[in-house]
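Text of query_33.txt (compact mmCIF, C-alpha atoms and all ligand atoms) as supplied:
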# COMPACT_ATOMS: atom_id res chain seq x y z
CA MET A 1 116.46 64.95 137.88
CA SER A 2 117.28 61.77 136.01
CA ASP A 3 113.81 60.35 136.73
CA GLU A 4 112.17 63.37 135.18
CA ARG A 5 114.23 62.95 132.07
CA ALA A 6 112.68 59.55 131.52
CA ASP A 7 109.50 61.39 130.48
CA LEU A 8 111.26 62.81 127.47
CA PRO A 9 112.37 61.15 124.27
CA HIS A 10 115.89 62.03 125.31
CA ASP A 11 117.93 59.28 123.73
CA ALA A 12 119.71 60.56 120.68
CA ARG A 13 118.32 58.73 117.69
CA SER A 14 118.32 59.58 114.05
CA VAL A 15 116.66 62.92 113.53
CA ASP A 16 113.71 61.39 111.64
CA ASP A 17 112.80 59.24 114.63
CA ILE A 18 112.22 62.08 117.02
CA VAL A 19 110.24 64.55 114.95
CA LEU A 20 106.86 64.97 116.64
CA ARG A 21 103.67 66.62 115.47
CA GLY A 22 100.25 67.48 116.85
CA ALA A 23 99.15 65.98 120.17
CA ASP A 24 102.37 63.95 120.62
CA ALA A 25 104.35 67.16 120.29
CA ILE A 26 102.20 68.95 122.85
CA ASP A 27 102.60 66.10 125.34
CA ALA A 28 106.38 66.10 124.95
CA LEU A 29 106.63 69.88 125.27
CA ARG A 30 104.43 69.79 128.35
CA ALA A 31 106.73 67.17 129.89
CA LEU A 32 109.65 69.44 129.13
CA LEU A 33 108.02 72.40 130.92
CA ALA A 34 107.19 70.14 133.88
CA ARG A 35 110.94 69.99 134.58
CA GLY A 36 110.97 73.70 135.33
CA PRO A 37 110.88 76.98 133.45
CA ALA A 38 112.31 77.01 129.94
CA ALA A 39 114.28 79.70 128.14
CA VAL A 40 112.81 80.34 124.70
CA LEU A 41 114.77 81.35 121.60
CA THR A 42 112.60 82.74 118.81
CA GLY A 43 113.31 83.50 115.17
CA ALA A 44 111.55 84.81 112.08
CA GLY A 45 109.12 81.86 112.03
CA CYS A 46 107.52 83.24 115.17
CA SER A 47 106.56 86.46 113.39
CA THR A 48 105.60 85.27 109.91
CA GLU A 49 101.96 84.97 110.98
CA SER A 50 102.10 88.66 111.87
CA GLY A 51 103.05 89.39 108.28
CA ILE A 52 106.61 90.39 109.10
CA PRO A 53 109.13 89.89 106.33
CA ASP A 54 112.68 89.26 107.43
CA TYR A 55 114.25 92.70 107.52
CA ARG A 56 117.70 91.50 108.42
CA GLY A 57 117.72 89.75 105.09
CA GLU A 58 118.75 86.27 106.04
CA GLY A 59 115.51 84.48 106.73
CA THR A 60 114.32 83.90 103.23
CA ARG A 61 116.14 82.29 100.38
CA ARG A 62 115.71 85.26 98.12
CA ARG A 63 117.12 87.66 100.63
CA ALA A 64 119.85 85.33 101.76
CA ARG A 65 121.54 86.02 98.44
CA ASN A 66 121.62 89.73 99.15
CA PRO A 67 121.65 90.41 102.89
CA VAL A 68 122.11 93.89 104.29
CA GLN A 69 125.81 93.94 105.03
CA HIS A 70 127.02 95.73 108.14
CA ARG A 71 130.24 96.98 106.52
CA ALA A 72 128.45 98.27 103.44
CA VAL A 73 125.88 100.25 105.41
CA LEU A 74 128.66 101.72 107.53
CA HIS A 75 131.03 102.63 104.75
CA GLU A 76 129.16 102.92 101.45
CA ALA A 77 126.87 105.86 100.72
CA GLU A 78 125.06 103.90 97.99
CA ALA A 79 124.33 101.00 100.31
CA ARG A 80 122.89 103.42 102.88
CA GLN A 81 120.80 105.02 100.18
CA ARG A 82 119.43 101.63 99.12
CA TYR A 83 118.79 100.63 102.72
CA TRP A 84 116.86 103.74 103.69
CA ALA A 85 114.87 103.86 100.45
CA ARG A 86 113.79 100.25 100.93
CA SER A 87 113.15 100.81 104.61
CA THR A 88 110.95 103.83 103.89
CA VAL A 89 108.75 101.64 101.72
CA GLY A 90 108.67 98.71 104.14
CA TRP A 91 108.18 100.58 107.40
CA PRO A 92 104.41 101.29 107.29
CA ARG A 93 103.60 97.59 106.94
CA PHE A 94 106.19 96.65 109.56
CA ALA A 95 104.94 99.25 112.04
CA ALA A 96 101.35 98.06 111.60
CA ALA A 97 102.14 94.44 112.51
CA VAL A 98 100.59 93.09 115.70
CA PRO A 99 101.43 90.04 117.84
CA ASN A 100 100.01 86.71 116.67
CA PRO A 101 98.85 83.69 118.75
CA ALA A 102 102.46 82.47 119.13
CA HIS A 103 103.50 85.75 120.80
CA HIS A 104 100.41 85.75 123.02
CA ALA A 105 100.96 82.14 124.06
CA LEU A 106 104.60 82.81 125.01
CA ALA A 107 103.56 85.85 127.05
CA ALA A 108 100.95 83.75 128.83
CA LEU A 109 103.44 80.94 129.52
CA GLU A 110 105.87 83.45 131.01
CA ALA A 111 103.16 85.01 133.18
CA GLN A 112 102.33 81.51 134.45
CA GLY A 113 105.93 80.87 135.49
CA CYS A 114 106.75 78.41 132.71
CA LEU A 115 109.52 80.52 131.12
CA THR A 116 112.61 82.32 132.40
CA GLY A 117 112.28 84.63 129.40
CA ILE A 118 112.65 85.01 125.68
CA ILE A 119 115.79 85.41 123.63
CA THR A 120 114.74 86.64 120.21
CA GLN A 121 116.44 87.06 116.88
CA ASN A 122 113.53 89.20 115.72
CA VAL A 123 113.75 92.98 115.56
CA ASP A 124 110.00 93.65 115.47
CA GLY A 125 109.30 94.21 119.17
CA LEU A 126 106.25 91.93 119.02
CA HIS A 127 107.15 89.87 122.12
CA ARG A 128 107.01 92.96 124.32
CA ALA A 129 103.89 94.15 122.51
CA ALA A 130 102.27 90.84 123.47
CA GLY A 131 103.18 91.36 127.12
CA SER A 132 106.36 89.31 127.52
CA ARG A 133 108.56 90.89 130.18
CA GLN A 134 111.94 89.16 130.12
CA VAL A 135 112.97 89.71 126.50
CA VAL A 136 116.53 89.82 125.17
CA GLU A 137 116.62 91.18 121.63
CA LEU A 138 119.77 89.63 120.20
CA HIS A 139 119.67 91.67 117.02
CA GLY A 140 118.27 94.89 118.48
CA ALA A 141 115.03 96.61 117.58
CA LEU A 142 114.06 98.28 114.34
CA ALA A 143 111.92 100.77 116.28
CA ASN A 144 115.09 102.65 117.29
CA VAL A 145 117.69 104.53 115.27
CA ARG A 146 121.08 105.59 116.55
CA CYS A 147 123.72 108.07 115.40
CA LEU A 148 127.03 106.34 114.83
CA ALA A 149 128.96 109.55 115.58
CA CYS A 150 127.35 110.94 118.75
CA GLY A 151 125.04 108.14 119.89
CA THR A 152 121.87 110.24 119.81
CA ARG A 153 118.78 108.09 119.50
CA GLU A 154 115.65 108.73 117.52
CA THR A 155 112.56 106.61 117.09
CA ARG A 156 112.11 104.99 113.71
CA ARG A 157 108.56 106.33 113.73
CA ALA A 158 109.81 109.93 113.95
CA LEU A 159 112.46 109.24 111.35
CA GLN A 160 109.82 107.98 108.92
CA VAL A 161 108.23 111.44 108.97
CA ARG A 162 111.60 112.97 108.08
CA LEU A 163 112.29 110.36 105.41
CA GLU A 164 109.00 111.11 103.70
CA GLN A 165 109.44 114.89 104.04
CA ASP A 166 112.96 114.75 102.60
CA ASN A 167 111.80 112.60 99.70
CA PRO A 168 108.48 114.09 98.63
CA GLY A 169 106.47 111.95 96.26
CA PHE A 170 108.75 108.93 96.77
CA LEU A 171 106.16 106.56 98.19
CA THR A 172 103.67 107.33 95.44
CA ARG A 173 106.06 106.76 92.52
CA ASP A 174 104.81 104.00 90.24
CA ASP A 175 108.05 101.98 90.34
CA VAL A 176 108.15 102.23 94.15
CA MET A 177 104.51 101.30 94.63
CA LEU A 178 105.01 98.17 92.56
CA ALA A 179 107.74 96.94 94.91
CA ASP A 180 106.49 96.12 98.39
CA GLY A 181 108.80 96.47 101.38
CA ASP A 182 110.12 92.99 100.86
CA ALA A 183 111.39 93.60 97.36
CA GLU A 184 114.41 95.23 95.86
CA LEU A 185 113.64 98.71 94.57
CA PRO A 186 114.70 99.59 91.04
CA GLU A 187 118.05 101.38 90.93
CA ALA A 188 116.47 104.48 89.41
CA ALA A 189 114.23 104.79 92.45
CA THR A 190 117.02 104.70 95.03
CA ALA A 191 119.60 106.77 93.13
CA GLY A 192 118.11 110.13 94.06
CA PHE A 193 116.96 109.12 97.54
CA ARG A 194 117.96 111.60 100.25
CA VAL A 195 119.48 109.78 103.22
CA PRO A 196 118.63 111.26 106.64
CA ALA A 197 121.33 112.47 109.03
CA CYS A 198 121.53 112.83 112.81
CA LEU A 199 119.57 115.88 114.02
CA SER A 200 122.30 116.73 116.56
CA CYS A 201 125.52 116.36 114.58
CA ARG A 202 124.57 115.43 110.99
CA GLY A 203 126.31 112.10 111.58
CA THR A 204 125.40 108.77 110.01
CA LEU A 205 122.22 107.13 111.29
CA LYS A 206 121.83 103.39 111.64
CA PRO A 207 118.83 101.39 112.78
CA ASP A 208 119.58 99.88 116.17
CA VAL A 209 119.84 96.38 114.77
CA VAL A 210 122.68 93.97 114.17
CA PHE A 211 123.25 93.60 110.45
CA PHE A 212 124.78 90.61 108.74
CA GLY A 213 128.52 90.65 109.41
CA ASP A 214 128.17 92.56 112.68
CA SER A 215 128.31 90.84 116.06
CA VAL A 216 125.85 90.77 118.94
CA PRO A 217 127.05 93.04 121.80
CA ARG A 218 128.66 91.22 124.72
CA ASP A 219 126.19 92.45 127.35
CA VAL A 220 123.27 91.23 125.22
CA VAL A 221 124.82 87.76 124.91
CA ASP A 222 125.41 87.74 128.67
CA ALA A 223 121.78 88.66 129.37
CA ALA A 224 120.63 85.86 127.09
CA ARG A 225 122.93 83.36 128.78
CA GLY A 226 121.52 84.49 132.12
CA LEU A 227 118.02 83.44 130.98
CA LEU A 228 119.41 80.11 129.85
CA GLU A 229 121.39 79.50 133.07
CA ARG A 230 118.21 79.82 135.11
CA ALA A 231 116.27 77.50 132.80
CA ALA A 232 115.63 73.77 132.95
CA SER A 233 115.46 73.57 129.16
CA LEU A 234 115.78 75.57 125.96
CA MET A 235 112.85 75.77 123.57
CA VAL A 236 113.63 77.11 120.08
CA VAL A 237 110.61 78.50 118.24
CA GLY A 238 110.53 79.37 114.55
CA SER A 239 114.22 79.58 113.76
CA SER A 240 116.23 77.55 111.29
CA LEU A 241 119.27 78.49 113.42
CA ALA A 242 121.04 79.52 110.24
CA VAL A 243 123.22 82.06 112.01
CA TYR A 244 125.63 81.55 114.86
CA SER A 245 124.01 84.25 117.03
CA GLY A 246 121.15 81.84 117.72
CA LEU A 247 122.84 78.49 117.22
CA ARG A 248 125.37 79.24 119.95
CA PHE A 249 122.66 78.97 122.62
CA VAL A 250 121.65 75.53 121.39
CA ARG A 251 125.29 74.44 121.50
CA TRP A 252 125.72 75.94 124.93
CA ALA A 253 122.58 74.28 126.32
CA HIS A 254 123.58 70.94 124.81
CA ALA A 255 127.06 71.18 126.30
CA ARG A 256 125.52 71.74 129.75
CA GLY A 257 123.21 68.74 129.38
CA CYS A 258 120.20 71.06 129.21
CA PRO A 259 117.44 69.55 127.02
CA VAL A 260 116.73 71.40 123.77
CA ALA A 261 113.35 71.34 122.03
CA ILE A 262 113.06 72.82 118.54
CA VAL A 263 109.63 73.86 117.25
CA ASN A 264 109.96 74.77 113.59
CA LEU A 265 108.55 74.16 110.15
CA GLY A 266 111.31 72.18 108.50
CA PRO A 267 114.83 71.17 109.58
CA THR A 268 117.25 73.42 111.43
CA ARG A 269 121.00 73.53 111.96
CA GLY A 270 120.42 72.68 115.60
CA ASP A 271 118.54 69.42 114.97
CA PRO A 272 121.47 67.09 115.70
CA LEU A 273 121.76 68.65 119.18
CA ALA A 274 118.05 68.58 120.02
CA THR A 275 116.31 66.39 122.55
CA LEU A 276 112.96 66.95 120.91
CA LEU A 277 112.04 68.07 117.41
CA VAL A 278 108.58 69.38 116.68
CA ASP A 279 107.42 70.12 113.16
CA GLY A 280 104.65 72.67 113.03
CA ARG A 281 103.57 76.27 113.08
CA ALA A 282 104.29 78.18 116.27
CA GLY A 283 100.97 80.01 116.02
CA VAL A 284 99.12 76.71 116.28
CA LEU A 285 101.34 74.67 118.58
CA LEU A 286 102.06 77.24 121.29
CA PRO A 287 98.43 78.16 122.06
CA ALA A 288 97.74 74.41 122.26
CA LEU A 289 100.68 74.00 124.62
CA CYS A 290 99.30 76.81 126.78
CA LEU A 291 95.99 75.00 126.90
CA ALA A 292 97.63 71.69 127.79
CA VAL A 293 99.80 73.13 130.54
CA HIS A 294 97.14 75.13 132.30
CA GLY A 295 93.92 73.53 131.15
CA ARG A 296 92.77 76.73 129.58
CA PRO A 297 93.59 78.70 126.48
CA ASP A 298 95.75 81.76 126.47
CA GLU A 299 94.12 84.95 127.62
CA HIS A 300 92.84 85.71 124.15
CA GLY A 301 90.82 82.53 123.95
CA ARG A 302 92.42 81.26 120.76
CA PRO A 303 91.21 77.94 119.45
CA ASP A 304 93.25 74.88 120.37
CA GLU A 305 95.52 73.00 117.97
CA HIS A 306 92.56 71.18 116.39
CA GLY A 307 90.77 74.43 115.71
CA ARG A 308 88.19 73.83 118.46
CA PRO A 309 86.93 77.01 120.07
CA ALA A 310 88.32 77.75 123.49
CA VAL A 311 86.19 76.54 126.37
CA PRO A 312 84.92 79.51 128.40
CA LEU A 313 86.52 79.62 131.85
CA SER A 314 83.10 79.69 133.50
CA ARG A 315 82.39 76.18 132.22
CA ARG A 316 85.54 74.65 133.68
ZN ZN B 1 124.89 112.50 115.95

Translate this structure into structure tokens?
Ligand SMILES: [Zn+2]
Amino acid sequence: MSDERADLPHDARSVDDIVLRGADAIDALRALLARGPAAVLTGAGCSTESGIPDYRGEGTRRRARNPVQHRAVLHEAEARQRYWARSTVGWPRFAAAVPNPAHHALAALEAQGCLTGIITQNVDGLHRAAGSRQVVELHGALANVRCLACGTRETRRALQVRLEQDNPGFLTRDDVMLADGDAELPEAATAGFRVPACLSCRGTLKPDVVFFGDSVPRDVVDAARGLLERAASLMVVGSSLAVYSGLRFVRWAHARGCPVAIVNLGPTRGDPLATLLVDGRAGVLLPALCLAVHGRPDEHGRPDEHGRPAVPLSRR
């Protein structure tokens, strides 16, 4: 075990010294995976190339000032009205998003035995859509809606039909059309919005996601820790680790002496605990890592990190 660690830039140095890019980064990540399967923790940066804005409201600076608060959505009718009005506008774009090369590369790495699974902070379902099997969704999934009173579930897709039926003409209003799903709607637009209720008991509906101020359910945390316990390392992809729900796994891995690699554009709160820091876009680096580990591109034949076209398997 200790011999294998010599392959990695493991000695804690100043953060600037260990930030890797390009081919050096791929080599170091490949050495990390050579130790055994990694657990992967993904954040919003993994989905930005799929055009997903951060619906939990804490990934971007603008939204960080005004996150969707758990208590408000639970207890304030106006907050629910604002949430569902905004969600009605944002949903079509969200629902149309498809996995990007980062998702495909992670699914391929898992299929090839390089990962124990994925712990994600994202609520977009794109890891499963890409074919990943072991996925723990820390913050739930926006595709599901749940009644807070009786627990009845409904798909968000079905609810969208009801939202649009209950609010005829809403999506075609000028002031609504001007604001995309990522923007605040004008107050006049949300004031008259009709909030949907549970079809069984007329109770309050909530998307099955963890809002700011809420906590991740215990069994979900346990499932995530299970993936980490079976892993030889933790690889963070596209998260600034701004919230504790993700950062805790970095702290936990570090405390166990489990190497932590962080692949992100820009610094993260976990950097001081990392073994390896990689600066770059997940959609570029992960397909290149796939190629380096297995000598071939991911199943979709994406170009490698230098933009070279994938070599056809028949020529290898
Ligand atoms: Zn109900």

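Residue nearest Arg281 in chain A within the list A:Asp174, A:Asp222, A:Glu78, A:Glu49: A:Glu49 [criterion: smallest interatomic distance, only C-alpha atoms].
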
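Among all protein and nucleic acid residues, the ones that lie within 7 Å of ligand ZN 1 (chain B) when counting all atoms listed in the file are Cys147, Leu148, Ala149, Cys150, Gly151, Thr152, Cys198, Leu199, Ser200, Cys201, Arg202 and Gly203 of chain A.
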
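Among A:Gly257, A:Pro207, A:Gly226, A:Gly266, the residue with the shortest atom-to-atom distance to Tyr83 in chain A, counting all atoms listed in the file, is A:Pro207.
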
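Between Ala223 in chain A and the residues A:Asn264, A:Asn167, A:Thr116, A:Gln81, the shortest atom-to-atom distance, using only C-alpha atoms, involves A:Thr116.
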
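The closest residue to Glu187 in chain A, picked from A:Ile52, A:Val40, A:Val135, A:Ala85 and counting only C-alpha atoms, is A:Ala85.
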
Polymer residues at most 8 Å from Val260 in chain A, only C-alpha atoms, same-chain spacing of 5 or more positions, as an MDAnalysis selection string: chainID A and resid 233:236 250 253:254 273:276

Nearest to Gly90 in chain A, chosen from A:Ala34, A:Val176, A:Val195, A:Ala130, with all atoms listed in the file counted in the distances: A:Val176

Polymer residues at most 7 Å from Gly283 in chain A, all atoms listed in the file, same-chain spacing of 5 or more positions, as a count of residues only: 3

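Put simply, CA of Cys258 in chain A is 22.8 Å away from CA of Ala105 in chain A.
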
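CA of Cys290 in chain A lies 6.5 Å from CA of Leu109 in chain A.
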
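Ranking A:Ala129, A:Ala95, A:Trp84, A:Arg30 by their shortest atom-to-atom distance to Ala107 in chain A, with all atoms listed in the file included, puts A:Ala129 first.
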
Shell of 12 Å around Arg248 in chain A, only C-alpha atoms, local chain residues under 6 positions omitted, as a list in words: Leu41, Ile119, Leu138, Val216, Val221, Ala224, Arg225, Leu228, Leu234, Val236, Leu241, Ala242, His254, Ala255, Arg269, Gly270 and Leu273 of chain A

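The space between CA of Leu20 in chain A and CA of Leu33 in chain A spans 16.1 Å.
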